[in-house]
Structures are given as structure tokens and as C-alpha cells.
Amino acid sequence: MATGLCLRTSVTQARECLEQGRRLLAERHRRGASGLQVSRGLADLFEQIVCRLFEDALRELEDAAPEGLRSEVALVAHGGFGRRDPAPYSDVDLMILHVPSAAARVEVLASRLLRDLCDARLTVGHSVRTPRQAWRLARKDPAILTSLVESRLIAGSESLFEHYERGLRRLCQWWCSGLLPGIERARDAERLQYGETVYLLEPNIKRSRGGLRDWQLIRWLGFVRYGTADVDGLCGLGHLAREDLRRLGEAYEFLLRLRNEMHFEAGKANDVLNRSEQVRLAAWLGFQDTPSLLAVEQFMRDYFRRTNDVSSVALRFAASARPSPRWGGLLTPLFSHHFERDFCIAPHAISLTRQGRARVLGSLEQILRLADVANLYDKPISHQTSEAVRAAVPGLTEELTPQAAAHFLSLLSQPARLGEMLRWLYDVGALELVIPHFRHARCLLQFNEYHRYTVDEHCLRAVEEAVNLLREGGRLGWEYARIKRKWLLHLALLLHDLGKGFPEDHSEVGRTIALETARRLHLSPADAEVLVFLVHKHLLMSHLAFRRDTNDEQLVVRFAVEVGSPETLQMLFVLTVADLAAVGPGVLNQWKIDVLLGLYQRAMAQLAGDATSSAPAASLAERRAEVLSHLTMAGDREWFEKQLAALPPGYLLHTPPDHVAANLLELHTLQPGTARARARWLPDTGTVEYQVDTWDTITPGVFHKLTGVLTGHGLQILSAEIHTLADGLVFDRFYVEDRDFNGEPPPERLAEVCRALEAVLTHPNSVPTFRRIWKPSAANRARLPAMPTQVRIDNSTSERFTIIDVFAADRMGLLYTISRKIFELGLSVSVAKIGTYLDQVVDVFYVTDQQGRKIEDGSRLQGIRDALLQAVEAFQQQADA
């Protein structure tokens, strides 16, 4: 750039003109001039300066005669300058178009003009081309093509420009089918770089999705496909709806004015709406804080609503502009079929039949059915059908029939295209009719450094992240795949943050929203209870995992108690993972996964014991092989393999292989109709392990009789495990405190208890007696608030068993009371996991009826729950008396 001392007068005047012109336009802007008025003024200002310097350069080259260079060159504005909507500090895009014979002279002209423009402090993007060169580059490069679509002659040869413009139009007409995809791909790549969602919390006002670039995309596609870039002209030709034109116009003006303000304030190009700019612009536009929303949140909601309009119209316009394959009309009917007479299932999309349009478009129920069918067939909904639905939705009511709710829940149950279908319902306006609270969350900013997306976008992404777990596989995918009621998890993810934007805590508001949604969707009381819990407590697991010491066993116990069932815990775990992943890229990392997984496994051990231990098949197979390697000399390999297959995964994985082999050898020698008890002192925990090997046919009520013996000897049962193996073998372990002794009990004491355990099984008339009832000390009682007695029944986690979870304050004899009542109710315990922590117990029983069947009858399940609750409460009243 030249120094101030050697600048020509024309350049100095151009610089002064630019500075004064920007200053005057900034004043007009601050007095309330529209964004388009200021942009038009800027375009005129830039054009005045460029043309003046262009003429000056021509004169100094002594080529002003009609037959000279002036008739062989055209100065063409393109890009934003050609469109006449530049921002105050935008680049000025120029192309010097020339005939081939003038190449050498034009090179001198271009060099002089570029130097003068830079000295005048304009930022210039320039090129020097013949018409043929411009056409060739436009065909190869979508970025060049889209910029040249905005070409406008500002000086030079009109005939040369008209020749160039005719050629550009012919190019677009001939190569339309190839150019359109290139333009869309280029825009998609830009969106990925600058923000692939409208709801990015620090968007680029020009390049992010829904920004000015998407408005420009409509112009570019319109020019290539229909021969005009003017949006009013596209509307007049019937390619753009009048309502879409209105929304585009309002958003365009809003974005132009906003961008002008950002440039003027910065004194340079600035297109990024960062946090500080958002706060400043909210005040500039007059937004004020309210009890529920900050001024900046109100401003950004307005911004996102407008950019969402632009993005939606641009995407739909692009879809409608794509030419249909020439063979499509002939071949599609051959590879399509009708479904229920309303839907046409084509190879690449689903559409409505003529009969279907009449039946579906007037009914929310049928629109939800359409989404459900598309998800089941794993196909998108055609553009024409989508537009018809979009036009119909405003005339529908929020009334949700049971059948409409059933279609929506069916959609939620299938992961195939779930995220896409939910977004489709949201885009056409139908999701807000199903879940009205989405209307409040639409475009709602979370003004913090944690979330990257708006509330509605975050909730939709959370569902997508959960579904993606299935595709990614691994441990997280395995856990997601095991959830039977996926629809309930997906619904909770949709709702979990909808309580934001109110004065109250969003989890509390979310609880109310979940209750209302459960009623709207006609959920059963049991399903509604789980939904409300998942939404209300969606932060519980992450708060415990990352803000508390999860090595505290009592914390894990209370967490398990609060969750209440293995299935609910599994859903809460996947919900937590998906919620974190949906916050933004990189938020969910391997360390967080490991911490959450550790808490999940420990809580699951409390709720479900070993029966639902999560162990991939490969790990189990490897451990079984290790155990068999210790049994090579024992013979009867088939028997050992059968028992290994029946061993609980948790026991198998967490017990040394040589210990497992030793236990199997003991079981192999057990004679039918007998029982064998063994005792082992565990110095690390100060407890005794009593292990009983027997047969399930030896006597009715094996488990409750064993607990009676231990309780009768004054032993405090801290935990217990009962497992039924192959061929009717029963393998039980009890971990107890013997409060009659400090340290290790003497051998005779251990032998006495073992004899009593064997006798109660082998002598039918043997009945356990109780020496005393132990009560917790006042110090122990004060450590934790009183835990309410709860009995919960889970009939979903296991295919074979009904799971009973009992939460209660511990008393000596409580386990015996529970297990005896289970026996009296005619239930058989196949697996049990007993945990005692301070003064609280979490007891889990996997039960069947006497015929080995899962209990399915609802009234009987309620009766079991009531009977157990009554028995436990009666026992505790007696113990505390």
C-alpha cells in the first residue's frame, strides 16, 4: 500500500469519501434507518468510489476513446456488492471482465485499480477473466458460480456484460441438474464449519444455519433452476409461498440491521454473535429482564425464531428445486406399493396417496400415524407430502385421542429414524400439538457457558444421542439395547429440559410437565410414575457422579433406593449419558463415561443383585475358560460347563477363578437330598461368610429357613446371595456380623452355626428360634434421616422372574420376616441380593410362583406388595416398641 505522502489526489478523496460516507450511514442507522436502506447506501457508496477510481485509472492510461480499452472491458460487482446488501466493512467483490485480445492492457489496469482501492481502505476481492473463463470456472466451482449469480455491471462495456450474462444463464440451464447438488454441498460444508444448527448459542450471523447465507442460497438455487434470483420473482412464478416470502423478508431485514450494528460498533467486519455481543444487542434493541427470562434470552429467542424461518424455507425450497430423475416417473410405480391404502411406499420415500391426502391431512392422529409408518419402514417423508402436512397443521387442534397417543408412543418405541421423524413433526408444527410445552421451549436460549444449543434443540439432540448409542455399539450401546420400554426413555429425553425458562427450578417445572404429558398420552399410572421420576430427577445421577464421593457406599445405597428399580436405573443411566452428549461436542468424554458407569454398576448391584449384572458375553466366556483350566483333572467336563453357564455373571467375574473352581468341586460331590454348610472368617471386613450348598427340592422355603437360623443365633446379616444353578443345585452365601465376639469367632461357634444351617434343611420339623431383637444405637439412628419403608415390584427387567425390591430400616429378624412372608405368599425365591448399610437395608428377590412362572396378574402383584409392606411395618413397630 502506498504511504500517505505519495497518494494521488483521487485516492485521498476516495478515502475521505469512504470515511465520511460510513460515518453518515452509521448516523442514519442509529436514527432507525432500516437494514436494507443502510446496505443499499453502502453499496452506492462503494460503487461511487470504485467507479471514480476506475475512470481515473482509464484516463491515466490514456485509453478513454470509444475504440479503446473502455469498450473491451466491463467492471462487474458480484457477491454482496453485486446484490447491493453489503455490511459496513464487507469485502468489495469485483470482476474485471474483458475480451481475450485485451488481456495485457487489462492486467495493467487491474493492478492500478486494485492498488488504488486498497489505498482507499476498501477490502477488495478481485478477479480478471474473459467471459469464457468465468463460465468455465463457474461450472467447476460452486463458490464461484454462486458469487457470479449476483453479477451487476457498474462500469464499462454493456454489450460485453450482456454477452457474459447470457452465457451464464445458458450454462445454468444446460447443466442445472449437476450444478444444484454442488451448490447444496458447498453450503452444507459451510454450515458444518460455522454451525450445523440454527440453535448454536454463538452463531455466525452470515454463515451459520439460518443466517444470511441461507437467504442467499434461495437466490442462487432460484437463478440456476428457474432463471431468476429475485425472491419476489420466485414467489410470482409460484416457486415460493407468499407466507414464506413474508417470513424471509422480515428475517432478512432483521439480520441486515443486526449485522450493520455489529460492524459499526466493532469498526471492522464482525459476524459472530458472541456472549458479550448478545448482551449488548439485547439492550440496544430494548429488551429488559423479566422474572423468567433475561433480556439476552428474549433477544436470542427472537433471533433463533427468525433464523429458523430462514433455514426452514431454504431447506424446503432446495428440496422443491431438485429436478426429478427422468426415469423416476416410469420406474417408481414398479418398485412401490400401497400401505393401508393411505401411504405409497416408494424406494426412497413415503408419500400420501390421493385417498390418503383426504384422510390424513385433517387429522393429527393420522399425521402421527404417517410419521410412525415412515419410521417403521425406515424411509423419509416426501417433500410434497411434507408441504401438504405443513399447510394443514395450523388448522388442527391440540386434542389428543388415545389412538393418536398410541401412534406417537409407537413412533417413540422404534429407534430407526426416530430423531428425523421427531424433527419432522417439530418442523411442520405437529410436535407442539402433541406436547404443547415445546411451544414455550422453541428457540429458548440457555445463557450459560455449559450448553451449546437452545432448549428445544438440546432435547431433540438428546433423543438422537441415545439412538446413536445403539449404532455405536460398545458398553453404552449394549445398555441402551437392553432397555425394553425405549419409548419411555425417549419421551423422558424429549421432556427433560422443557421446564427451563420459568422462575421456578426447571426440574420441578419439568415434573409438572411430565405429569401433564402422561395424562395427555393416556399413560398407565406405573408408566407415568417412571416418566415423572426420570424428568424430575434427570440430573440426579450426574450430580452424584461428578459432585459427590461415589466411594461412599451409603450414598450409592440411597441413590439406589431413590431410583427404586433396575429398569428405571438403566433408563436414568442412558438418559444421563445422552443428556451430556447433547450439551455439545466433547462434553461427554471417556472419563465421565467411566465415572457414570461405575456408579451405575454399584447401584445396580444393590437393586438387582447378580441377575442383571452387566457383563458382555466375551468377558464371561473368557472367565469360564479360566475356571475350566483349574478343573482339567476333575473329569465330568460337561457337568462343570453346565454349572458354569448357570453361575451368576457377577459372582463369576468378581471371584478368583481358583475359588470358583474349588466351589464347583464341592458342589460336584454333594449328594442328593443333603446340605453342606461352610464358614470362613474375612478379616478385611470383620465378617463371617457362611456358604450353604443344597438342593431346591430338599425342603420348602430354603431361604427363609436359613435366614431364620442365622438370626436365631444373634447374627446380623449384612448381605446375602441365593442362586439356583443347573440340576436344582442351590448355592447360598451370607455375610454376617457375630456381635457375641470381638474379632474372629472361635471354631466351635462357626461349627455350631453350620450344623444348625444343615439341620434346618435336612430335618423338616426344625424351627429357628430367636434369642433377642437387636435395635440400632441412637448414634446410628442419627447418622441418616429415617428411610420410609418401600416395596416396589419390577416386572420388566427380567423375562423369567418378578423382581421385588424392599427398602426399610434394618432390625434384627427383618430379613427373616420378609423371606418368610414371601414363602407364605406361595412364591419361590430363585435369586436374592441382600444389602445392609448402617441402619438401612435394600433387599432384592427374584421370585416365581410354585410352578416356576413369572407373576403376571396385576391384582396378585398388588396383593404381594401390600402384604410385604404390612408385614415389614408390623415387624418394625414391634421391634421399636
# chains A, B, ... in the order shown; residues from 1 in each chain; ligands from 1

call {"tool": "residues_around", "arguments": {"residues": "Pro86 in chain A", "least_positions_apart": "3", "cutoff": "10 Å", "atoms": "only C-alpha atoms", "output": "list in words"}}
result
Leu36, Val38, Ser39, Arg40, Gly41, Leu42, Ala43, Phe46, Gly79, Gly80, Phe81, Gly82, Arg83, Tyr89, Ser90, Asp91, Val92, Leu256, Arg259 and Asn260 of chain A

call {"tool": "write_last_selection", "arguments": {"atoms": "C-alpha atoms", "output": "short mmCIF file (atom, residue, chain, number, x, y, z; two decimals), in the first residue's frame"}}
result
data_model
loop_
_atom_site.label_atom_id
_atom_site.label_comp_id
_atom_site.auth_asym_id
_atom_site.auth_seq_id
_atom_site.Cartn_x
_atom_site.Cartn_y
_atom_site.Cartn_z
CA LEU A 36 -31.79 -2.63 3.76
CA VAL A 38 -28.22 1.28 5.09
CA SER A 39 -26.96 -1.63 2.98
CA ARG A 40 -28.20 -0.01 -0.21
CA GLY A 41 -26.45 3.21 0.87
CA LEU A 42 -23.23 1.28 1.48
CA ALA A 43 -23.45 -0.37 -1.93
CA PHE A 46 -18.69 1.60 -2.58
CA GLY A 79 -21.37 -11.28 -4.24
CA GLY A 80 -22.88 -8.96 -1.63
CA PHE A 81 -21.69 -5.88 -3.52
CA GLY A 82 -23.46 -7.08 -6.65
CA ARG A 83 -26.59 -7.91 -4.63
CA TYR A 89 -16.90 -3.49 6.46
CA SER A 90 -17.72 -6.22 3.96
CA ASP A 91 -15.33 -7.17 1.19
CA VAL A 92 -15.98 -5.49 -2.14
CA LEU A 256 -29.14 -6.95 7.89
CA ARG A 259 -25.10 -7.13 11.08
CA ASN A 260 -24.78 -3.43 10.32
#

call {"tool": "closest_atom_pairs", "arguments": {"of": "range 211-307 of chain A", "to": "range 10-29 of chain A", "cutoff": "10 Å", "atoms": "only C-alpha atoms", "output": "JSON lines"}}
result
{"residue": "A:Arg257", "atom": "CA", "partner": "A:His29", "partner_atom": "CA", "distance": 8.0}
{"residue": "A:Asn260", "atom": "CA", "partner": "A:His29", "partner_atom": "CA", "distance": 8.0}
{"residue": "A:Glu261", "atom": "CA", "partner": "A:His29", "partner_atom": "CA", "distance": 7.8}
{"residue": "A:His263", "atom": "CA", "partner": "A:Ala26", "partner_atom": "CA", "distance": 9.7}
{"residue": "A:Phe264", "atom": "CA", "partner": "A:Ala26", "partner_atom": "CA", "distance": 6.6}
{"residue": "A:Glu265", "atom": "CA", "partner": "A:Ala26", "partner_atom": "CA", "distance": 9.3}

call {"tool": "write_last_selection", "arguments": {"atoms": "N, CA, C and O atoms", "output": "mmCIF file, in the first residue's frame"}}
result
data_model
loop_
_atom_site.group_PDB
_atom_site.id
_atom_site.type_symbol
_atom_site.label_atom_id
_atom_site.label_comp_id
_atom_site.auth_asym_id
_atom_site.auth_seq_id
_atom_site.Cartn_x
_atom_site.Cartn_y
_atom_site.Cartn_z
ATOM 1 N N ARG A 257 -29.943 -5.468 9.621
ATOM 2 C CA ARG A 257 -29.790 -4.387 10.600
ATOM 3 C C ARG A 257 -28.873 -4.804 11.741
ATOM 4 O O ARG A 257 -28.050 -4.021 12.225
ATOM 5 N N ASN A 260 -25.281 -4.798 10.432
ATOM 6 C CA ASN A 260 -24.776 -3.429 10.317
ATOM 7 C C ASN A 260 -24.354 -2.888 11.676
ATOM 8 O O ASN A 260 -23.306 -2.249 11.811
ATOM 9 N N GLU A 261 -25.179 -3.129 12.689
ATOM 10 C CA GLU A 261 -24.854 -2.661 14.037
ATOM 11 C C GLU A 261 -23.563 -3.295 14.550
ATOM 12 O O GLU A 261 -22.719 -2.615 15.152
ATOM 13 N N HIS A 263 -21.021 -4.437 12.799
ATOM 14 C CA HIS A 263 -19.878 -3.869 12.080
ATOM 15 C C HIS A 263 -19.581 -2.449 12.547
ATOM 16 O O HIS A 263 -18.416 -2.102 12.803
ATOM 17 N N PHE A 264 -20.604 -1.632 12.641
ATOM 18 C CA PHE A 264 -20.385 -0.245 13.060
ATOM 19 C C PHE A 264 -19.784 -0.189 14.466
ATOM 20 O O PHE A 264 -18.884 0.617 14.732
ATOM 21 N N GLU A 265 -20.290 -1.008 15.367
ATOM 22 C CA GLU A 265 -19.797 -0.998 16.744
ATOM 23 C C GLU A 265 -18.348 -1.447 16.817
ATOM 24 O O GLU A 265 -17.539 -0.871 17.556
#

call {"tool": "closest_residue", "arguments": {"among": "A:Leu664, A:Ala832, A:Leu433, A:Val313", "to": "His723 in chain A", "atoms": "only C-alpha atoms"}}
result
A:Ala832

call {"tool": "atom_distance", "arguments": {"atom1": "CA of Glu758 in chain A", "atom2": "CA of Ala675 in chain A"}}
result
5.5 Å

call {"tool": "atom_distance", "arguments": {"atom1": "CA of Arg865 in chain A", "atom2": "CA of Ile804 in chain A"}}
result
8.3 Å
